[in-house]
$ cat data.txt   # compact mmCIF, C-alpha atoms
# COMPACT_ATOMS: atom_id res chain seq x y z
CA ASP A 184 91.89 73.42 113.03
CA SER A 185 90.71 76.62 114.75
CA ASP A 186 92.60 75.66 117.92
CA GLU A 187 95.88 76.18 116.05
CA VAL A 188 94.93 79.82 115.39
CA TYR A 189 93.54 80.33 118.89
CA ARG A 190 96.87 79.18 120.39
CA ILE A 191 98.95 81.93 118.79
CA HIS A 192 99.55 85.13 120.75
CA GLY A 193 96.30 87.10 120.62
CA GLY A 194 94.50 84.37 118.69
CA GLU A 195 92.18 83.53 121.57
CA LYS A 196 90.60 86.97 121.09
CA ILE A 197 89.04 85.78 117.81
CA LYS A 198 86.42 84.09 119.97
CA ASP A 199 85.44 87.59 121.14
CA CYS A 200 84.70 88.80 117.58
CA ILE A 201 81.14 90.11 117.44
CA GLN A 202 81.08 90.25 113.62
CA CYS A 203 80.40 94.00 113.67
CA GLY A 204 82.28 94.56 110.41
CA THR A 205 84.35 97.49 111.71
CA CYS A 206 87.54 95.76 110.54
CA SER A 207 86.21 95.28 107.02
CA GLY A 208 84.76 98.77 106.88
CA SER A 209 88.08 100.24 108.01
CA CYS A 210 90.17 98.27 105.54
CA PRO A 211 91.37 100.32 102.56
CA VAL A 212 91.78 97.19 100.41
CA SER A 213 88.75 95.12 101.46
CA TRP A 214 87.24 95.84 98.04
CA ALA A 215 90.00 93.69 96.49
CA MET A 216 89.79 90.81 98.96
CA GLU A 217 88.12 87.48 98.31
CA GLU A 218 86.90 87.49 101.89
CA THR A 219 86.91 90.47 104.21
CA PRO A 220 88.68 90.28 107.59
CA ARG A 221 85.28 89.76 109.25
CA GLN A 222 84.62 86.81 106.94
CA ILE A 223 88.09 85.35 107.61
CA PHE A 224 87.34 85.40 111.35
CA ALA A 225 83.98 83.71 110.79
CA MET A 226 85.77 81.09 108.67
CA ILE A 227 88.34 80.52 111.44
CA ARG A 228 85.52 79.91 113.90
CA ALA A 229 83.87 77.54 111.38
CA GLY A 230 87.11 75.56 111.00
CA MET A 231 87.59 76.36 107.29
CA ARG A 232 91.39 76.13 107.52
CA ASP A 233 92.19 75.13 103.93
CA ARG A 234 90.01 77.80 102.38
CA ILE A 235 91.55 80.45 104.63
CA LEU A 236 95.13 79.43 103.83
CA GLU A 237 94.37 79.50 100.09
CA SER A 238 92.61 82.88 100.29
CA LEU A 239 93.94 85.87 98.38
CA THR A 240 92.86 87.96 101.38
CA LEU A 241 96.02 87.03 103.31
CA TRP A 242 98.16 88.47 100.53
CA THR A 243 95.92 91.48 99.88
CA CYS A 244 96.15 92.81 103.45
CA ALA A 245 97.95 96.17 103.35
CA SER A 246 99.21 95.76 106.95
CA CYS A 247 98.00 99.27 107.77
CA TYR A 248 96.62 98.20 111.19
CA GLN A 249 93.45 100.29 110.78
CA CYS A 250 91.33 97.20 111.46
CA ALA A 251 93.17 96.45 114.71
CA GLN A 252 93.07 100.11 115.78
CA ARG A 253 89.32 100.29 115.33
CA CYS A 254 88.27 96.84 116.55
CA PRO A 255 85.93 97.27 119.55
CA GLN A 256 87.12 93.91 120.89
CA GLN A 257 90.82 94.90 120.57
CA ILE A 258 91.63 91.89 118.37
CA LYS A 259 95.10 92.09 116.79
CA ILE A 260 93.72 91.44 113.32
CA THR A 261 96.83 92.37 111.31
CA ASP A 262 99.03 90.17 113.52
CA ILE A 263 96.64 87.27 112.94
CA MET A 264 96.78 87.88 109.17
CA TYR A 265 100.59 87.69 109.36
CA MET A 266 100.35 84.45 111.31
CA LEU A 267 98.00 83.00 108.68
CA LYS A 268 100.47 84.03 105.95
CA ARG A 269 103.27 82.24 107.81
CA MET A 270 101.11 79.12 108.07
CA ALA A 271 100.44 79.25 104.31
CA ILE A 272 104.17 79.66 103.60
CA ARG A 273 105.08 76.80 105.94
CA GLU A 274 102.61 74.57 104.11
CA ASN A 275 103.85 75.75 100.71
CA ARG A 276 100.35 76.79 99.59
CA GLN A 277 100.02 77.92 95.96
CA ARG A 278 99.42 81.60 96.65
CA SER A 279 102.30 81.69 99.12
CA LYS A 280 104.56 80.33 96.36
CA LEU A 281 103.42 83.13 94.07
CA ALA A 282 103.94 85.77 96.77
CA ARG A 283 107.43 84.41 97.50
CA ALA A 284 108.32 84.46 93.79
CA LEU A 285 107.19 88.08 93.47
CA SER A 286 109.11 89.04 96.60
CA LYS A 287 112.27 87.26 95.43
CA HIS A 288 112.25 89.00 92.04
CA PHE A 289 111.47 92.37 93.62
CA VAL A 290 114.39 92.10 96.07
CA ASN A 291 116.77 90.98 93.30
CA ILE A 292 115.82 93.93 91.09
CA VAL A 293 116.08 96.45 93.93
CA ASN A 294 119.42 94.92 94.94
CA LYS A 295 120.70 95.27 91.37
CA TYR A 296 119.37 98.73 90.44
CA GLY A 297 118.45 100.36 93.74
CA ARG A 298 114.79 100.70 92.84
CA ASN A 299 112.02 98.65 91.32
CA ARG A 300 111.68 98.30 87.57
CA GLU A 301 108.09 97.24 87.05
CA THR A 302 108.58 95.86 83.55
CA ALA A 303 111.49 93.66 84.60
CA LEU A 304 109.64 92.58 87.75
CA MET A 305 106.49 91.49 85.94
CA THR A 306 108.45 89.79 83.15
CA ARG A 307 110.56 87.77 85.59
CA TYR A 308 107.58 86.98 87.80
CA MET A 309 105.37 85.81 84.96
CA LEU A 310 108.10 83.76 83.29
CA SER A 311 108.92 82.02 86.57
CA THR A 312 105.33 81.33 87.67
CA ASN A 313 103.27 81.08 84.49
CA PRO A 314 105.37 81.14 81.29
CA LEU A 315 102.37 80.54 79.02
CA GLY A 316 100.54 83.40 80.70
CA ALA A 317 103.53 85.63 80.00
CA PHE A 318 103.22 84.91 76.30
CA ALA A 319 99.49 85.53 76.44
CA ALA A 320 100.17 88.94 78.05
CA ALA A 321 102.68 89.94 75.35
CA PRO A 322 100.11 91.77 73.16
CA ILE A 323 99.08 93.87 76.17
CA ALA A 324 102.73 94.67 76.89
CA ILE A 325 103.33 95.67 73.26
CA ASN A 326 100.29 97.94 73.32
CA LEU A 327 101.42 99.56 76.58
CA ARG A 328 104.96 100.00 75.22
CA THR A 329 103.63 101.55 71.99
CA HIS A 330 101.73 104.15 74.02
CA GLY A 331 104.71 104.97 76.24
CA ARG A 332 103.21 103.30 79.31
CA LEU A 333 105.77 100.51 79.74
CA PRO A 334 109.27 101.72 80.54
CA LEU A 335 112.07 99.29 79.76
CA GLY A 336 114.83 100.75 81.87
CA GLY A 337 115.49 103.18 84.62
CA SER A 338 118.30 104.78 86.55
CA ARG A 339 120.25 103.33 89.43
CA VAL A 340 120.48 104.96 92.84
CA ARG A 341 123.71 106.72 93.72
CA ASP A 342 124.78 104.65 96.76
CA ILE A 343 123.89 101.19 95.47
CA GLU A 344 126.37 99.51 97.83
CA GLY A 345 124.76 101.15 100.86
CA LEU A 346 121.36 99.96 99.71
CA ARG A 347 122.70 96.44 99.14
CA LYS A 348 123.93 96.37 102.74
CA ILE A 349 120.47 97.38 103.96
CA VAL A 350 118.81 94.67 101.82
CA ALA A 351 121.33 92.06 103.03
CA LYS A 352 120.64 92.99 106.67
CA ALA A 353 116.88 92.83 106.10
CA GLN A 354 117.25 89.39 104.51
CA GLU A 355 119.41 88.24 107.43
CA LEU A 356 116.85 89.46 109.98
CA GLY A 357 113.92 88.10 107.95
CA GLY A 358 115.41 84.65 107.45
CA GLU A 359 115.42 84.87 103.64
$ encode --input "data.txt" --output "structure tokens"
Amino acid sequence: DSDEVYRIHGGEKIKDCIQCGTCSGSCPVSWAMEETPRQIFAMIRAGMRDRILESLTLWTCASCYQCAQRCPQQIKITDIMYMLKRMAIRENRQRSKLARALSKHFVNIVNKYGRNRETALMTRYMLSTNPLGAFAAAPIAINLRTHGRLPLGGSRVRDIEGLRKIVAKAQELGGE
């Protein structure tokens, strides 16, 4: 229902979108999106709620605010993308589950070591979301490891306890 989006703070401005494409042209990651921000707004106006909430676009947004800065109609595009993400999370949509799993594993690894360890992150993420896919990716991982492109470990930061306090505070403020 488009009215649900229009009711959020700044959402009524979507009706002012002139489909100029400035948002999409300004977006540094629009090349990786299923639908550009301009297309998402057209879909909102067309009432395509389910397709929007399942779109990879919501999770691809880099939150750089270039689209909002350059919008001639002064639409708060990034804020609307965040609102759409929250709706997808509330409704437990498939891509929101995947994004939450990635976020959870990332925070746990950073909390443990003080920095991300990409190999551990992807292993945990794949095993928790698509175990069969993890096994299918094993030959790629072996090839990367053989060529020195897949580090297994890493160092910890010096003040790990200080970092853990920061992460705990962020989780407290963020609700997770």
$ closest_residue --input "data.txt" --among "A:Phe224, A:Cys254, A:Met231, A:Ser246" --to "Cys206 in chain A" --atoms "all atoms listed in the file"
A:Cys254
$ closest_atom_pairs --input "data.txt" --of "range 213-253 of chain A" --to "range 263-280 of chain A" --cutoff "12 Å" --atoms "only C-alpha atoms" --output "tab-separated table"
residue	atom	partner	partner_atom	distance
A:Thr219	CA	A:Met264	CA	11.3
A:Pro220	CA	A:Met264	CA	8.6
A:Arg221	CA	A:Met264	CA	11.7
A:Ile223	CA	A:Met264	CA	9.2
A:Phe224	CA	A:Ile263	CA	9.6
A:Ile227	CA	A:Leu267	CA	10.3
A:Arg232	CA	A:Leu267	CA	9.6
A:Asp233	CA	A:Ala271	CA	9.2
A:Arg234	CA	A:Ala271	CA	10.7
A:Ile235	CA	A:Leu267	CA	8.0
A:Leu236	CA	A:Ala271	CA	5.3
A:Glu237	CA	A:Arg278	CA	6.5
A:Ser238	CA	A:Arg278	CA	7.8
A:Leu239	CA	A:Arg278	CA	7.2
A:Thr240	CA	A:Met264	CA	8.7
A:Leu241	CA	A:Met264	CA	6.0
A:Trp242	CA	A:Lys268	CA	7.4
A:Thr243	CA	A:Met264	CA	10.0
A:Cys244	CA	A:Met264	CA	7.6
A:Ala245	CA	A:Met264	CA	10.2
A:Ser246	CA	A:Tyr265	CA	8.5
A:Cys247	CA	A:Met264	CA	11.5
A:Tyr248	CA	A:Met264	CA	10.5
A:Cys250	CA	A:Met264	CA	11.0
A:Ala251	CA	A:Ile263	CA	10.0
$ atom_distance --input "data.txt" --atom1 "CA of Asp199 in chain A" --atom2 "CA of Ala215 in chain A"
25.8 Å
$ atom_distance --input "data.txt" --atom1 "CA of His192 in chain A" --atom2 "CA of Pro255 in chain A"
18.3 Å
$ atom_distance --input "data.txt" --atom1 "CA of Val290 in chain A" --atom2 "CA of Val350 in chain A"
7.7 Å
$ residues_around --input "data.txt" --residues "Asn294 in chain A" --least-positions-apart "4" --cutoff "10 Å" --atoms "only C-alpha atoms" --output "PDB file with C-alpha atoms, in the frame of the given file"
ATOM      1  CA  HIS A 288     112.250  89.000  92.040  1.00  0.00           C
ATOM      2  CA  PHE A 289     111.470  92.370  93.620  1.00  0.00           C
ATOM      3  CA  VAL A 290     114.390  92.100  96.070  1.00  0.00           C
ATOM      4  CA  ARG A 298     114.790 100.700  92.840  1.00  0.00           C
ATOM      5  CA  ASN A 299     112.020  98.650  91.320  1.00  0.00           C
ATOM      6  CA  ILE A 343     123.890 101.190  95.470  1.00  0.00           C
ATOM      7  CA  GLU A 344     126.370  99.510  97.830  1.00  0.00           C
ATOM      8  CA  LEU A 346     121.360  99.960  99.710  1.00  0.00           C
ATOM      9  CA  ARG A 347     122.700  96.440  99.140  1.00  0.00           C
ATOM     10  CA  LYS A 348     123.930  96.370 102.740  1.00  0.00           C
ATOM     11  CA  ILE A 349     120.470  97.380 103.960  1.00  0.00           C
ATOM     12  CA  VAL A 350     118.810  94.670 101.820  1.00  0.00           C
ATOM     13  CA  ALA A 351     121.330  92.060 103.030  1.00  0.00           C
TER      14      ALA A 351
END
$ residues_around --input "data.txt" --residues "Ser311 in chain A" --least-positions-apart "2" --cutoff "12 Å" --atoms "only C-alpha atoms" --output "PyMOL selection string"
chain A and resi 280-285+287-288+304-309+313-317
$ write_last_selection --input "data.txt" --atoms "C-alpha atoms" --output "PDB file, in the frame of the given file"
ATOM      1  CA  LYS A 280     104.560  80.330  96.360  1.00  0.00           C
ATOM      2  CA  LEU A 281     103.420  83.130  94.070  1.00  0.00           C
ATOM      3  CA  ALA A 282     103.940  85.770  96.770  1.00  0.00           C
ATOM      4  CA  ARG A 283     107.430  84.410  97.500  1.00  0.00           C
ATOM      5  CA  ALA A 284     108.320  84.460  93.790  1.00  0.00           C
ATOM      6  CA  LEU A 285     107.190  88.080  93.470  1.00  0.00           C
ATOM      7  CA  LYS A 287     112.270  87.260  95.430  1.00  0.00           C
ATOM      8  CA  HIS A 288     112.250  89.000  92.040  1.00  0.00           C
ATOM      9  CA  LEU A 304     109.640  92.580  87.750  1.00  0.00           C
ATOM     10  CA  MET A 305     106.490  91.490  85.940  1.00  0.00           C
ATOM     11  CA  THR A 306     108.450  89.790  83.150  1.00  0.00           C
ATOM     12  CA  ARG A 307     110.560  87.770  85.590  1.00  0.00           C
ATOM     13  CA  TYR A 308     107.580  86.980  87.800  1.00  0.00           C
ATOM     14  CA  MET A 309     105.370  85.810  84.960  1.00  0.00           C
ATOM     15  CA  ASN A 313     103.270  81.080  84.490  1.00  0.00           C
ATOM     16  CA  PRO A 314     105.370  81.140  81.290  1.00  0.00           C
ATOM     17  CA  LEU A 315     102.370  80.540  79.020  1.00  0.00           C
ATOM     18  CA  GLY A 316     100.540  83.400  80.700  1.00  0.00           C
ATOM     19  CA  ALA A 317     103.530  85.630  80.000  1.00  0.00           C
TER      20      ALA A 317
END
$ closest_residue --input "data.txt" --among "A:Ser338, A:Gln222, A:Gln354, A:Thr261" --to "Ser286 in chain A" --atoms "only C-alpha atoms"
A:Gln354
$ closest_residue --input "data.txt" --among "A:Lys352, A:Arg253, A:Arg190, A:Arg300" --to "Cys210 in chain A" --atoms "all atoms listed in the file"
A:Arg253
$ closest_residue --input "data.txt" --among "A:Lys198, A:Arg228, A:Arg339, A:Arg332" --to "Ile292 in chain A" --atoms "all atoms listed in the file"
A:Arg339
$ closest_residue --input "data.txt" --among "A:Ile197, A:Gly345, A:Thr302, A:Ser209" --to "Arg328 in chain A" --atoms "all atoms listed in the file"
A:Thr302
$ closest_residue --input "data.txt" --among "A:Ala229, A:Ile258, A:Val340, A:His330" --to "Asp186 in chain A" --atoms "all atoms listed in the file"
A:Ala229
